[in-house]
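Below: coords-v4.cif (mmCIF, C-alpha atoms)
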```cif
data_model
loop_
_atom_site.label_atom_id
_atom_site.label_comp_id
_atom_site.auth_asym_id
_atom_site.auth_seq_id
_atom_site.Cartn_x
_atom_site.Cartn_y
_atom_site.Cartn_z
CA MET A 5 7.88 9.26 -2.13
CA GLY A 6 5.56 7.64 0.41
CA GLY A 7 2.98 9.63 2.35
CA ILE A 8 -0.28 10.78 0.80
CA THR A 9 -0.53 12.87 -2.36
CA VAL A 10 -3.87 14.23 -3.57
CA LEU A 11 -4.16 14.68 -7.33
CA ARG A 12 -6.95 17.06 -8.34
CA LEU A 13 -7.96 16.47 -11.97
CA GLY A 14 -9.50 18.82 -14.49
CA HIS A 15 -9.30 22.13 -12.64
CA ARG A 16 -11.02 25.00 -14.43
CA ILE A 17 -10.03 28.48 -13.28
CA LYS A 18 -13.44 30.09 -13.57
CA ARG A 19 -15.64 27.31 -12.38
CA ASP A 20 -13.58 25.29 -9.90
CA GLN A 21 -11.54 27.79 -7.93
CA ARG A 22 -13.38 27.40 -4.66
CA ILE A 23 -13.92 23.64 -4.85
CA SER A 24 -10.28 23.05 -5.81
CA SER A 25 -9.23 25.28 -2.93
CA HIS A 26 -11.43 23.26 -0.55
CA VAL A 27 -9.87 20.05 -1.91
CA ALA A 28 -6.38 21.35 -1.21
CA LEU A 29 -7.11 22.72 2.28
CA THR A 30 -8.98 19.56 3.24
CA ALA A 31 -6.01 17.50 2.05
CA ARG A 32 -3.67 19.57 4.23
CA ALA A 33 -5.89 19.69 7.34
CA LEU A 34 -6.75 16.00 7.28
CA GLY A 35 -3.25 14.65 6.92
CA ALA A 36 -2.21 14.48 3.27
CA ASP A 37 1.33 15.62 2.45
CA GLU A 38 0.79 17.36 -0.84
CA VAL A 39 -1.72 18.37 -3.49
CA VAL A 40 -1.01 18.36 -7.21
CA PHE A 41 -3.41 20.24 -9.47
CA SER A 42 -4.06 19.30 -13.06
CA GLY A 43 -6.30 20.84 -15.72
CA GLU A 44 -5.91 24.58 -16.24
CA TYR A 45 -2.81 26.13 -14.70
CA ASP A 46 -3.97 28.48 -11.93
CA PRO A 47 -1.12 30.33 -10.20
CA GLY A 48 -3.59 32.24 -8.01
CA LEU A 49 -4.95 29.00 -6.58
CA ILE A 50 -1.46 27.67 -5.88
CA ALA A 51 -0.45 30.94 -4.21
CA SER A 52 -3.55 30.97 -2.01
CA VAL A 53 -2.86 27.44 -0.75
CA ALA A 54 0.81 28.27 -0.17
CA LYS A 55 -0.28 31.29 1.88
CA VAL A 56 -2.38 29.10 4.17
CA VAL A 57 0.60 26.79 4.69
CA GLU A 58 2.80 29.77 5.53
CA ARG A 59 0.35 31.04 8.16
CA TRP A 60 -0.87 27.77 9.62
CA GLY A 61 2.31 25.74 9.46
CA GLY A 62 3.39 22.30 8.39
CA GLY A 63 5.22 21.05 5.32
CA PHE A 64 2.27 20.63 2.96
CA LYS A 65 3.32 20.95 -0.68
CA VAL A 66 1.33 22.35 -3.58
CA SER A 67 2.19 22.04 -7.26
CA TYR A 68 0.82 21.67 -10.77
CA THR A 69 1.26 19.03 -13.45
CA PRO A 70 0.21 19.59 -17.06
CA GLU A 71 0.20 15.81 -17.64
CA TRP A 72 -1.79 13.76 -15.17
CA ARG A 73 -1.29 10.48 -17.11
CA ARG A 74 2.48 10.70 -16.94
CA PHE A 75 2.27 11.85 -13.32
CA LEU A 76 0.20 8.81 -12.32
CA GLU A 77 2.38 6.42 -14.29
CA GLU A 78 5.51 7.84 -12.66
CA ARG A 79 4.07 7.53 -9.19
CA ARG A 80 2.95 3.96 -9.86
CA SER A 81 6.39 3.09 -11.20
CA GLN A 82 7.82 4.43 -7.91
CA GLY A 83 5.61 1.95 -6.07
CA GLU A 84 2.82 4.25 -4.91
CA TYR A 85 -0.73 2.96 -4.73
CA VAL A 86 -3.23 4.89 -6.85
CA VAL A 87 -6.69 5.27 -5.34
CA HIS A 88 -9.37 6.95 -7.42
CA LEU A 89 -12.20 8.35 -5.32
CA THR A 90 -15.39 7.95 -7.34
CA MET A 91 -19.04 7.18 -6.69
CA TYR A 92 -18.63 4.18 -9.03
CA GLY A 93 -16.03 2.48 -6.82
CA VAL A 94 -16.22 -0.10 -4.05
CA GLY A 95 -17.18 1.12 -0.59
CA ILE A 96 -14.40 2.65 1.50
CA GLN A 97 -15.62 0.59 4.47
CA ASP A 98 -14.68 -2.57 2.52
CA VAL A 99 -11.15 -1.49 1.54
CA GLU A 100 -9.90 0.73 4.34
CA GLU A 101 -7.55 -1.93 5.71
CA GLU A 102 -6.08 -2.31 2.23
CA LEU A 103 -5.62 1.45 1.95
CA ARG A 104 -3.95 1.68 5.37
CA ARG A 105 -1.55 -1.12 4.47
CA ALA A 106 -0.71 0.48 1.11
CA TYR A 107 -0.22 3.82 2.87
CA ALA A 108 2.18 2.27 5.38
CA GLU A 109 4.12 0.21 2.86
CA ARG A 110 4.05 2.19 -0.38
CA GLY A 111 2.43 5.60 -0.11
CA LEU A 112 -0.87 6.66 -1.66
CA VAL A 113 -2.02 8.89 -4.47
CA LEU A 114 -5.67 9.84 -3.91
CA VAL A 115 -7.17 11.03 -7.20
CA VAL A 116 -10.23 13.29 -7.10
CA GLY A 117 -11.97 14.36 -10.24
CA SER A 118 -14.05 17.20 -11.42
CA SER A 119 -17.23 16.75 -13.43
CA LYS A 120 -15.97 14.47 -16.21
CA VAL A 121 -13.20 12.05 -15.35
CA PRO A 122 -11.60 10.26 -18.34
CA ILE A 123 -12.10 6.48 -18.33
CA GLU A 124 -8.29 5.99 -18.27
CA VAL A 125 -8.28 7.21 -14.68
CA TYR A 126 -10.55 4.35 -13.62
CA GLU A 127 -8.24 1.92 -15.42
CA LEU A 128 -4.93 3.40 -14.24
CA ALA A 129 -6.05 3.30 -10.60
CA ASP A 130 -5.12 0.34 -8.42
CA VAL A 131 -8.56 0.63 -6.91
CA ASN A 132 -11.65 2.79 -7.40
CA VAL A 133 -13.16 3.71 -4.04
CA ALA A 134 -16.55 5.20 -3.21
CA VAL A 135 -17.66 7.08 -0.13
CA THR A 136 -21.23 5.89 -0.73
CA ASN A 137 -22.39 5.26 -4.31
CA GLN A 138 -24.41 8.46 -4.16
CA PRO A 139 -23.63 11.76 -5.88
CA HIS A 140 -22.18 14.32 -3.49
CA SER A 141 -18.78 16.03 -3.33
CA GLU A 142 -15.13 15.25 -4.00
CA VAL A 143 -14.31 17.36 -0.92
CA ALA A 144 -16.52 15.19 1.28
CA ALA A 145 -15.20 11.95 -0.22
CA LEU A 146 -11.61 13.06 0.33
CA ALA A 147 -12.35 14.09 3.93
CA VAL A 148 -13.96 10.79 4.88
CA ALA A 149 -11.24 8.78 3.11
CA LEU A 150 -8.45 10.64 4.93
CA ASP A 151 -10.19 10.40 8.30
CA ARG A 152 -10.63 6.64 7.84
CA ILE A 153 -7.11 6.02 6.55
CA HIS A 154 -5.63 7.90 9.53
CA GLN A 155 -8.29 6.53 11.94
CA GLY A 156 -8.70 9.97 13.49
CA ARG A 157 -5.02 10.53 14.24
CA GLU A 158 -4.99 13.48 11.82
CA LEU A 159 -7.51 15.33 13.99
CA THR A 160 -5.01 16.07 16.72
CA LYS A 161 -2.01 16.92 14.56
CA THR A 162 -0.09 19.98 15.76
CA TYR A 163 1.87 22.51 13.71
CA PRO A 164 4.86 23.76 15.73
CA ASP A 165 5.80 26.36 13.12
CA ALA A 166 2.30 27.86 12.84
CA ARG A 167 1.88 31.64 13.01
CA ASN A 168 -1.86 31.22 13.55
CA ILE A 169 -3.10 29.00 16.37
CA ILE A 170 -6.68 28.57 17.59
CA GLN A 171 -7.72 27.97 21.16
CA PRO A 172 -10.60 25.46 20.90
CA SER A 173 -13.80 26.61 22.61
CA ARG A 174 -17.14 24.89 23.23
CA LEU A 175 -19.24 27.93 23.77
CA GLY A 176 -18.11 30.75 21.59
CA LYS A 177 -15.44 32.31 19.48
CA LEU A 178 -13.50 33.27 22.61
CA ARG A 179 -10.23 33.75 20.86
CA LYS A 180 -9.58 34.41 17.26
CA ALA A 181 -6.59 33.03 15.47
CA LYS A 182 -3.56 34.57 17.13
CA LYS A 183 0.03 35.03 16.28
CA LYS A 184 2.18 32.53 18.11
CA GLU A 185 4.12 35.37 19.75
CA GLU A 186 0.99 36.61 21.52
CA ILE A 187 0.34 33.20 23.06
CA ASN A 188 3.83 32.36 24.21
CA MET B 29 -38.49 16.73 14.73
CA GLY B 30 -35.54 14.45 15.57
CA GLY B 31 -33.08 13.25 12.96
CA ILE B 32 -30.36 15.47 11.55
CA THR B 33 -30.97 18.83 9.91
CA VAL B 34 -28.15 20.76 8.22
CA LEU B 35 -28.53 24.54 8.27
CA ARG B 36 -26.40 26.28 5.64
CA LEU B 37 -25.87 29.94 6.57
CA GLY B 38 -25.17 32.93 4.39
CA HIS B 39 -25.68 31.47 0.92
CA ARG B 40 -24.80 33.83 -1.91
CA ILE B 41 -26.22 32.93 -5.32
CA LYS B 42 -23.23 34.01 -7.39
CA ARG B 43 -20.40 32.90 -5.17
CA ASP B 44 -21.67 29.88 -3.22
CA GLN B 45 -23.79 27.89 -5.62
CA ARG B 46 -21.43 24.96 -5.97
CA ILE B 47 -20.26 24.81 -2.36
CA SER B 48 -23.83 25.05 -1.09
CA SER B 49 -24.81 22.30 -3.50
CA HIS B 50 -21.94 20.14 -2.20
CA VAL B 51 -23.09 20.84 1.37
CA ALA B 52 -26.61 19.68 0.54
CA LEU B 53 -25.60 16.55 -1.40
CA THR B 54 -23.08 15.59 1.27
CA ALA B 55 -25.78 16.01 3.91
CA ARG B 56 -28.07 13.69 1.95
CA ALA B 57 -25.47 11.05 1.04
CA LEU B 58 -23.99 10.85 4.53
CA GLY B 59 -27.21 10.44 6.43
CA ALA B 60 -28.75 13.80 7.30
CA ASP B 61 -32.51 14.10 6.84
CA GLU B 62 -32.81 17.62 5.51
CA VAL B 63 -30.96 20.75 4.50
CA VAL B 64 -32.22 24.27 5.15
CA PHE B 65 -30.58 27.11 3.25
CA SER B 66 -30.33 30.63 4.57
CA GLY B 67 -28.83 33.80 3.08
CA GLU B 68 -29.96 34.67 -0.44
CA TYR B 69 -33.02 32.80 -1.70
CA ASP B 70 -31.88 30.55 -4.55
CA PRO B 71 -34.70 28.56 -6.16
CA GLY B 72 -32.30 27.07 -8.73
CA LEU B 73 -30.19 25.53 -5.97
CA ILE B 74 -33.24 24.09 -4.21
CA ALA B 75 -34.55 22.65 -7.48
CA SER B 76 -31.19 21.04 -8.31
CA VAL B 77 -31.04 19.30 -4.92
CA ALA B 78 -34.67 18.18 -5.24
CA LYS B 79 -33.83 16.69 -8.66
CA VAL B 80 -31.03 14.58 -7.15
CA VAL B 81 -33.44 13.29 -4.50
CA GLU B 82 -35.99 12.42 -7.19
CA ARG B 83 -33.43 10.42 -9.18
CA TRP B 84 -31.41 8.85 -6.40
CA GLY B 85 -34.17 8.21 -3.89
CA GLY B 86 -34.77 8.69 -0.20
CA GLY B 87 -36.82 11.21 1.74
CA PHE B 88 -34.24 14.00 2.02
CA LYS B 89 -35.89 17.40 2.37
CA VAL B 90 -34.64 20.76 1.11
CA SER B 91 -36.00 24.16 2.05
CA TYR B 92 -35.14 27.80 2.69
CA THR B 93 -35.52 30.05 5.71
CA PRO B 94 -35.14 33.82 5.51
CA GLU B 95 -34.56 33.97 9.27
CA TRP B 96 -31.91 31.67 10.62
CA ARG B 97 -32.11 33.10 14.19
CA ARG B 98 -35.78 32.31 14.52
CA PHE B 99 -35.21 28.93 12.86
CA LEU B 100 -32.52 27.97 15.38
CA GLU B 101 -34.52 29.27 18.32
CA GLU B 102 -37.56 27.27 17.21
CA ARG B 103 -35.58 24.09 16.80
CA ARG B 104 -33.97 24.56 20.20
CA SER B 105 -37.36 25.16 21.78
CA GLN B 106 -38.47 21.84 20.23
CA GLY B 107 -35.60 20.14 22.05
CA GLU B 108 -33.10 19.76 19.20
CA TYR B 109 -29.39 20.07 19.89
CA VAL B 110 -27.64 22.80 17.90
CA VAL B 111 -24.11 21.98 16.79
CA HIS B 112 -22.12 24.68 15.02
CA LEU B 113 -19.30 23.28 12.91
CA THR B 114 -16.43 25.78 13.10
CA MET B 115 -12.65 25.69 13.20
CA TYR B 116 -12.89 27.57 16.53
CA GLY B 117 -14.76 24.77 18.29
CA VAL B 118 -13.70 21.79 20.38
CA GLY B 119 -12.45 18.71 18.55
CA ILE B 120 -15.10 16.35 17.18
CA GLN B 121 -13.09 13.45 18.60
CA ASP B 122 -13.76 14.83 22.11
CA VAL B 123 -17.53 15.27 21.74
CA GLU B 124 -18.70 12.59 19.36
CA GLU B 125 -20.30 10.52 22.13
CA GLU B 126 -22.20 13.62 23.25
CA LEU B 127 -23.35 14.24 19.67
CA ARG B 128 -24.49 10.64 19.23
CA ARG B 129 -26.45 10.78 22.46
CA ALA B 130 -28.07 14.08 21.51
CA TYR B 131 -28.88 12.65 18.07
CA ALA B 132 -30.55 9.60 19.61
CA GLU B 133 -32.45 11.50 22.27
CA ARG B 134 -33.24 14.90 20.78
CA GLY B 135 -32.21 15.30 17.15
CA LEU B 136 -29.44 17.52 15.82
CA VAL B 137 -29.14 20.71 13.86
CA LEU B 138 -25.68 20.91 12.28
CA VAL B 139 -24.94 24.52 11.34
CA VAL B 140 -22.36 25.23 8.64
CA GLY B 141 -21.32 28.71 7.77
CA SER B 142 -20.01 30.56 4.82
CA SER B 143 -17.14 33.05 5.06
CA LYS B 144 -18.42 35.27 7.87
CA VAL B 145 -20.54 33.66 10.55
CA PRO B 146 -22.25 36.10 12.97
CA ILE B 147 -21.09 35.76 16.58
CA GLU B 148 -24.68 34.99 17.67
CA VAL B 149 -24.37 31.60 15.96
CA TYR B 150 -21.49 30.66 18.26
CA GLU B 151 -23.60 31.74 21.25
CA LEU B 152 -26.88 30.16 20.14
CA ALA B 153 -25.21 26.79 19.55
CA ASP B 154 -25.25 24.15 22.29
CA VAL B 155 -21.71 23.32 21.25
CA ASN B 156 -19.17 24.59 18.72
CA VAL B 157 -17.35 21.68 17.13
CA ALA B 158 -14.18 21.63 15.02
CA VAL B 159 -12.94 19.01 12.59
CA THR B 160 -9.36 20.11 13.30
CA ASN B 161 -8.68 23.74 14.24
CA GLN B 162 -7.26 24.31 10.77
CA PRO B 163 -8.87 26.21 7.89
CA HIS B 164 -10.37 23.89 5.28
CA SER B 165 -13.94 23.34 4.13
CA GLU B 166 -17.45 23.26 5.55
CA VAL B 167 -18.14 20.36 3.18
CA ALA B 168 -15.28 18.34 4.65
CA ALA B 169 -16.23 19.22 8.23
CA LEU B 170 -19.83 18.18 7.62
CA ALA B 171 -18.72 14.90 5.99
CA VAL B 172 -16.43 13.89 8.85
CA ALA B 173 -18.99 14.91 11.48
CA LEU B 174 -21.75 12.85 9.84
CA ASP B 175 -19.50 9.83 9.34
CA ARG B 176 -18.48 9.94 13.00
CA ILE B 177 -21.99 10.51 14.34
CA HIS B 178 -23.30 7.55 12.32
CA GLN B 179 -20.11 5.51 12.88
CA GLY B 180 -20.06 4.43 9.25
CA ARG B 181 -23.63 3.13 9.16
CA GLU B 182 -24.56 5.81 6.62
CA LEU B 183 -22.10 4.34 4.11
CA THR B 184 -24.24 1.31 3.40
CA LYS B 185 -27.64 2.99 3.35
CA THR B 186 -29.87 1.82 0.47
CA TYR B 187 -32.52 3.76 -1.40
CA PRO B 188 -35.34 1.41 -2.43
CA ASP B 189 -37.12 4.09 -4.46
CA ALA B 190 -34.02 5.15 -6.45
CA ARG B 191 -34.27 5.48 -10.24
CA ASN B 192 -30.46 5.54 -10.50
CA ILE B 193 -28.42 2.76 -8.91
CA ILE B 194 -24.68 2.15 -9.22
CA GLN B 195 -23.02 -1.24 -9.28
CA PRO B 196 -19.81 -0.75 -7.23
CA SER B 197 -16.63 -1.74 -9.09
CA ARG B 198 -12.99 -1.95 -8.02
CA LEU B 199 -11.41 -1.71 -11.40
CA GLY B 200 -13.34 0.54 -13.66
CA LYS B 201 -16.56 2.29 -14.45
CA LEU B 202 -18.13 -1.00 -15.52
CA ARG B 203 -21.66 0.22 -15.26
CA LYS B 204 -22.97 3.67 -15.31
CA ALA B 205 -25.93 4.72 -13.25
CA LYS B 206 -28.91 2.79 -14.55
CA LYS B 207 -32.60 3.10 -14.32
CA LYS B 208 -34.02 0.67 -11.80
CA GLU B 209 -36.22 -0.86 -14.53
CA GLU B 210 -33.14 -1.93 -16.50
CA ILE B 211 -31.66 -3.75 -13.49
CA ASN B 212 -34.77 -5.56 -12.32
#
```
Would you mind giving the structure from this file in structure tokens?
Amino acid sequence: MGGITVLRLGHRIKRDQRISSHVALTARALGADEVVFSGEYDPGLIASVAKVVERWGGGFKVSYTPEWRRFLEERRSQGEYVVHLTMYGVGIQDVEEELRRAYAERGLVLVVGSSKVPIEVYELADVNVAVTNQPHSEVAALAVALDRIHQGRELTKTYPDARNIIQPSRLGKLRKAKKKEEIN
Amino acid sequence: MGGITVLRLGHRIKRDQRISSHVALTARALGADEVVFSGEYDPGLIASVAKVVERWGGGFKVSYTPEWRRFLEERRSQGEYVVHLTMYGVGIQDVEEELRRAYAERGLVLVVGSSKVPIEVYELADVNVAVTNQPHSEVAALAVALDRIHQGRELTKTYPDARNIIQPSRLGKLRKAKKKEEIN
């Protein structure tokens, strides 16, 4: 495979819809190639992410796996490097070179959990990585990890097939998202 | 004041509890000094953030303002620099030096919205800043902004008064959070 896949564990339809959506959109915006949801199957969540991709462009993929263990084992057997983002891990600042090398040579799976992550995930991972050893947010941890792996290159990515494009503005919301046709 | 304050706009008790909690904990973990909630008054949210501070240490403050306009005007009149994080803004990579200087000299208010941010916020801000011009997450935008303002220094911050401390581990959840007494 190669690239960067984000695996979101333990999704619960009622409780996690917004956080899982933020995980997926953060993955897309900050330079991952796909998100795979696990936990409860949530077609509404998958459709809402797919809709963003349709409007905002790019080739970001979204899917679901009922079996995260098999998924991780398959990806590892294909040579990908499994990185579990957890407050119990080693600091990202100490392993970011390692992550960049694994990304370039093998491809990464970044695993982000929900409230209770099974201990097998810690053991299956090639490395457990923390964005601080403080409790905060899987969305924040994913964002910082992606920004550091890409060293900021993801921030200026363009989406040639986007229907919605924003004109950046310092001082106000001068333009709203516009259809590409209106700009060209 | 000085330091970094995060202002969370438009909180709704039912819909935003988890995202607003992630905003607050991300602010704390990644080196902001306080969070101020606006929107609906949610004592449960404030108490849950205060509980994390009590257990994990540090002097992070959490409060509520019923009037975000007056709050922002007051902070500006005290010399603080108001930064609105929005997908409509200019790229963080183009203004991070400016933000670091303003942080050092004046103190920052980082404003993060909910779904609909009033246009006055864009106008009241000294600068509107985007972490990509793509739709994703206020939690992710806040995380990347803080990491870039602090240039990674926040990642190794220690909390001498913490009751819970984690021993970082590459390969598993070797130790859970422990009371300080058990470690010393």
Report summary line: atom CA of A:Val148 sits from atom CA of B:Gly67 at a separation of 27.5 Å
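Distances from A:Gln138, A:Leu175, A:Glu100, A:Thr162 to B:Arg83 were compared using all atoms listed in the file, and the smallest one belongs to A:Gln138.
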Query raised in the report: Which is closest to chain B among A:Gly35, A:Pro47, A:Pro70, A:Gly111, if we use all atoms listed in the file?
Result: A:Gly35
Requested in this report: List, as a ChimeraX atom specification, every residue that the PyMOL selection byres ((chain A) within 7 of (chain B)) selects in the file provided.
Outcome: /A:23,26,29-30,33,92-94,126-127,131-133,135-141,143-144,147-148,159-160,170-177
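Residues in contact with A:Gly14 at up to 10 Å, not including ones fewer than 3 positions away on its chain and judged by only C-alpha atoms, are Leu11, Ile17, Asp20, Ser24, Phe41, Ser42, Gly43, Glu44, Tyr45, Trp72, Val116, Gly117, Ser118, Ser119, Lys120, Val121 and Pro122 of chain A.
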Hey, could you lay chain A over chain B with a least-squares C-alpha fit (all atoms, paired in order) and save it as a short mmCIF file (atom, residue, chain, number, x, y, z; two decimals) with C-alpha atoms, in the coordinates of the input?
```cif
data_model
loop_
_atom_site.label_atom_id
_atom_site.label_comp_id
_atom_site.auth_asym_id
_atom_site.auth_seq_id
_atom_site.Cartn_x
_atom_site.Cartn_y
_atom_site.Cartn_z
CA MET A 5 -38.48 16.73 14.71
CA GLY A 6 -35.55 14.47 15.58
CA GLY A 7 -33.10 13.25 12.96
CA ILE A 8 -30.37 15.47 11.54
CA THR A 9 -30.98 18.84 9.90
CA VAL A 10 -28.16 20.76 8.22
CA LEU A 11 -28.54 24.54 8.27
CA ARG A 12 -26.40 26.28 5.65
CA LEU A 13 -25.88 29.95 6.58
CA GLY A 14 -25.19 32.95 4.40
CA HIS A 15 -25.68 31.47 0.93
CA ARG A 16 -24.79 33.85 -1.89
CA ILE A 17 -26.19 32.94 -5.30
CA LYS A 18 -23.21 34.01 -7.37
CA ARG A 19 -20.39 32.92 -5.16
CA ASP A 20 -21.66 29.90 -3.21
CA GLN A 21 -23.78 27.90 -5.61
CA ARG A 22 -21.42 24.98 -5.98
CA ILE A 23 -20.26 24.84 -2.36
CA SER A 24 -23.84 25.07 -1.08
CA SER A 25 -24.81 22.32 -3.50
CA HIS A 26 -21.95 20.15 -2.21
CA VAL A 27 -23.10 20.85 1.37
CA ALA A 28 -26.62 19.69 0.54
CA LEU A 29 -25.61 16.56 -1.40
CA THR A 30 -23.09 15.60 1.26
CA ALA A 31 -25.80 16.01 3.90
CA ARG A 32 -28.10 13.70 1.94
CA ALA A 33 -25.48 11.06 1.04
CA LEU A 34 -24.00 10.85 4.52
CA GLY A 35 -27.22 10.44 6.43
CA ALA A 36 -28.77 13.81 7.28
CA ASP A 37 -32.54 14.12 6.83
CA GLU A 38 -32.83 17.62 5.51
CA VAL A 39 -30.97 20.77 4.50
CA VAL A 40 -32.23 24.28 5.14
CA PHE A 41 -30.58 27.13 3.25
CA SER A 42 -30.34 30.65 4.57
CA GLY A 43 -28.84 33.81 3.09
CA GLU A 44 -29.96 34.68 -0.43
CA TYR A 45 -33.01 32.80 -1.68
CA ASP A 46 -31.88 30.56 -4.55
CA PRO A 47 -34.71 28.58 -6.16
CA GLY A 48 -32.31 27.08 -8.72
CA LEU A 49 -30.19 25.56 -5.96
CA ILE A 50 -33.24 24.11 -4.22
CA ALA A 51 -34.54 22.67 -7.49
CA SER A 52 -31.20 21.07 -8.31
CA VAL A 53 -31.05 19.31 -4.93
CA ALA A 54 -34.67 18.20 -5.25
CA LYS A 55 -33.83 16.72 -8.66
CA VAL A 56 -31.05 14.60 -7.17
CA VAL A 57 -33.46 13.31 -4.52
CA GLU A 58 -35.99 12.44 -7.21
CA ARG A 59 -33.43 10.44 -9.20
CA TRP A 60 -31.44 8.86 -6.40
CA GLY A 61 -34.20 8.23 -3.90
CA GLY A 62 -34.80 8.70 -0.22
CA GLY A 63 -36.84 11.24 1.72
CA PHE A 64 -34.26 14.02 2.00
CA LYS A 65 -35.90 17.43 2.37
CA VAL A 66 -34.66 20.77 1.10
CA SER A 67 -36.00 24.18 2.05
CA TYR A 68 -35.15 27.82 2.69
CA THR A 69 -35.52 30.06 5.72
CA PRO A 70 -35.16 33.84 5.52
CA GLU A 71 -34.57 33.98 9.29
CA TRP A 72 -31.89 31.69 10.64
CA ARG A 73 -32.09 33.13 14.20
CA ARG A 74 -35.77 32.32 14.55
CA PHE A 75 -35.21 28.95 12.88
CA LEU A 76 -32.51 27.99 15.39
CA GLU A 77 -34.51 29.27 18.34
CA GLU A 78 -37.55 27.28 17.21
CA ARG A 79 -35.56 24.11 16.80
CA ARG A 80 -33.94 24.56 20.21
CA SER A 81 -37.34 25.16 21.79
CA GLN A 82 -38.46 21.85 20.24
CA GLY A 83 -35.59 20.16 22.06
CA GLU A 84 -33.11 19.77 19.21
CA TYR A 85 -29.40 20.07 19.90
CA VAL A 86 -27.64 22.80 17.92
CA VAL A 87 -24.11 21.98 16.79
CA HIS A 88 -22.12 24.67 15.03
CA LEU A 89 -19.29 23.27 12.92
CA THR A 90 -16.43 25.76 13.10
CA MET A 91 -12.65 25.68 13.19
CA TYR A 92 -12.88 27.56 16.52
CA GLY A 93 -14.76 24.75 18.28
CA VAL A 94 -13.70 21.78 20.38
CA GLY A 95 -12.45 18.70 18.55
CA ILE A 96 -15.10 16.34 17.19
CA GLN A 97 -13.09 13.42 18.60
CA ASP A 98 -13.74 14.81 22.11
CA VAL A 99 -17.52 15.27 21.74
CA GLU A 100 -18.69 12.56 19.37
CA GLU A 101 -20.30 10.51 22.15
CA GLU A 102 -22.19 13.61 23.24
CA LEU A 103 -23.35 14.23 19.67
CA ARG A 104 -24.49 10.62 19.22
CA ARG A 105 -26.46 10.76 22.46
CA ALA A 106 -28.08 14.08 21.50
CA TYR A 107 -28.88 12.65 18.06
CA ALA A 108 -30.55 9.60 19.60
CA GLU A 109 -32.46 11.49 22.27
CA ARG A 110 -33.24 14.89 20.78
CA GLY A 111 -32.23 15.30 17.16
CA LEU A 112 -29.45 17.51 15.82
CA VAL A 113 -29.16 20.71 13.86
CA LEU A 114 -25.69 20.91 12.28
CA VAL A 115 -24.95 24.53 11.35
CA VAL A 116 -22.36 25.22 8.65
CA GLY A 117 -21.34 28.72 7.77
CA SER A 118 -20.00 30.56 4.84
CA SER A 119 -17.14 33.03 5.07
CA LYS A 120 -18.39 35.27 7.88
CA VAL A 121 -20.52 33.67 10.56
CA PRO A 122 -22.22 36.11 12.98
CA ILE A 123 -21.07 35.77 16.60
CA GLU A 124 -24.67 34.98 17.66
CA VAL A 125 -24.35 31.61 15.96
CA TYR A 126 -21.47 30.65 18.26
CA GLU A 127 -23.56 31.73 21.25
CA LEU A 128 -26.86 30.16 20.15
CA ALA A 129 -25.19 26.79 19.56
CA ASP A 130 -25.24 24.16 22.29
CA VAL A 131 -21.71 23.32 21.26
CA ASN A 132 -19.17 24.58 18.74
CA VAL A 133 -17.34 21.66 17.13
CA ALA A 134 -14.18 21.62 15.03
CA VAL A 135 -12.96 19.01 12.58
CA THR A 136 -9.37 20.09 13.28
CA ASN A 137 -8.69 23.72 14.22
CA GLN A 138 -7.27 24.29 10.75
CA PRO A 139 -8.87 26.21 7.89
CA HIS A 140 -10.37 23.91 5.27
CA SER A 141 -13.95 23.35 4.11
CA GLU A 142 -17.46 23.27 5.53
CA VAL A 143 -18.16 20.35 3.17
CA ALA A 144 -15.29 18.35 4.63
CA ALA A 145 -16.23 19.22 8.22
CA LEU A 146 -19.83 18.17 7.61
CA ALA A 147 -18.74 14.90 5.99
CA VAL A 148 -16.44 13.88 8.83
CA ALA A 149 -19.00 14.91 11.47
CA LEU A 150 -21.77 12.85 9.83
CA ASP A 151 -19.51 9.83 9.32
CA ARG A 152 -18.49 9.93 12.99
CA ILE A 153 -22.00 10.51 14.32
CA HIS A 154 -23.31 7.54 12.30
CA GLN A 155 -20.11 5.50 12.88
CA GLY A 156 -20.08 4.44 9.24
CA ARG A 157 -23.65 3.13 9.16
CA GLU A 158 -24.57 5.82 6.62
CA LEU A 159 -22.11 4.35 4.11
CA THR A 160 -24.25 1.32 3.39
CA LYS A 161 -27.65 3.01 3.33
CA THR A 162 -29.88 1.84 0.47
CA TYR A 163 -32.54 3.79 -1.41
CA PRO A 164 -35.36 1.43 -2.45
CA ASP A 165 -37.14 4.11 -4.48
CA ALA A 166 -34.04 5.16 -6.45
CA ARG A 167 -34.28 5.50 -10.24
CA ASN A 168 -30.48 5.58 -10.48
CA ILE A 169 -28.45 2.79 -8.90
CA ILE A 170 -24.71 2.18 -9.21
CA GLN A 171 -23.04 -1.20 -9.29
CA PRO A 172 -19.84 -0.72 -7.25
CA SER A 173 -16.67 -1.70 -9.11
CA ARG A 174 -13.02 -1.92 -8.03
CA LEU A 175 -11.43 -1.74 -11.41
CA GLY A 176 -13.37 0.52 -13.68
CA LYS A 177 -16.56 2.29 -14.50
CA LEU A 178 -18.14 -1.01 -15.57
CA ARG A 179 -21.67 0.18 -15.29
CA LYS A 180 -22.97 3.67 -15.33
CA ALA A 181 -25.91 4.74 -13.26
CA LYS A 182 -28.87 2.75 -14.53
CA LYS A 183 -32.58 3.01 -14.30
CA LYS A 184 -33.94 0.56 -11.78
CA GLU A 185 -36.08 -1.07 -14.48
CA GLU A 186 -32.98 -2.11 -16.43
CA ILE A 187 -31.51 -3.88 -13.41
CA ASN A 188 -34.57 -5.72 -12.21
#
```
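Take atom CA of B:His39 and atom CA of B:Gly86: the distance between them is 24.6 Å.
The spacing separating atom CA of A:Leu114 from atom CA of A:Val39 amounts to 9.4 Å.
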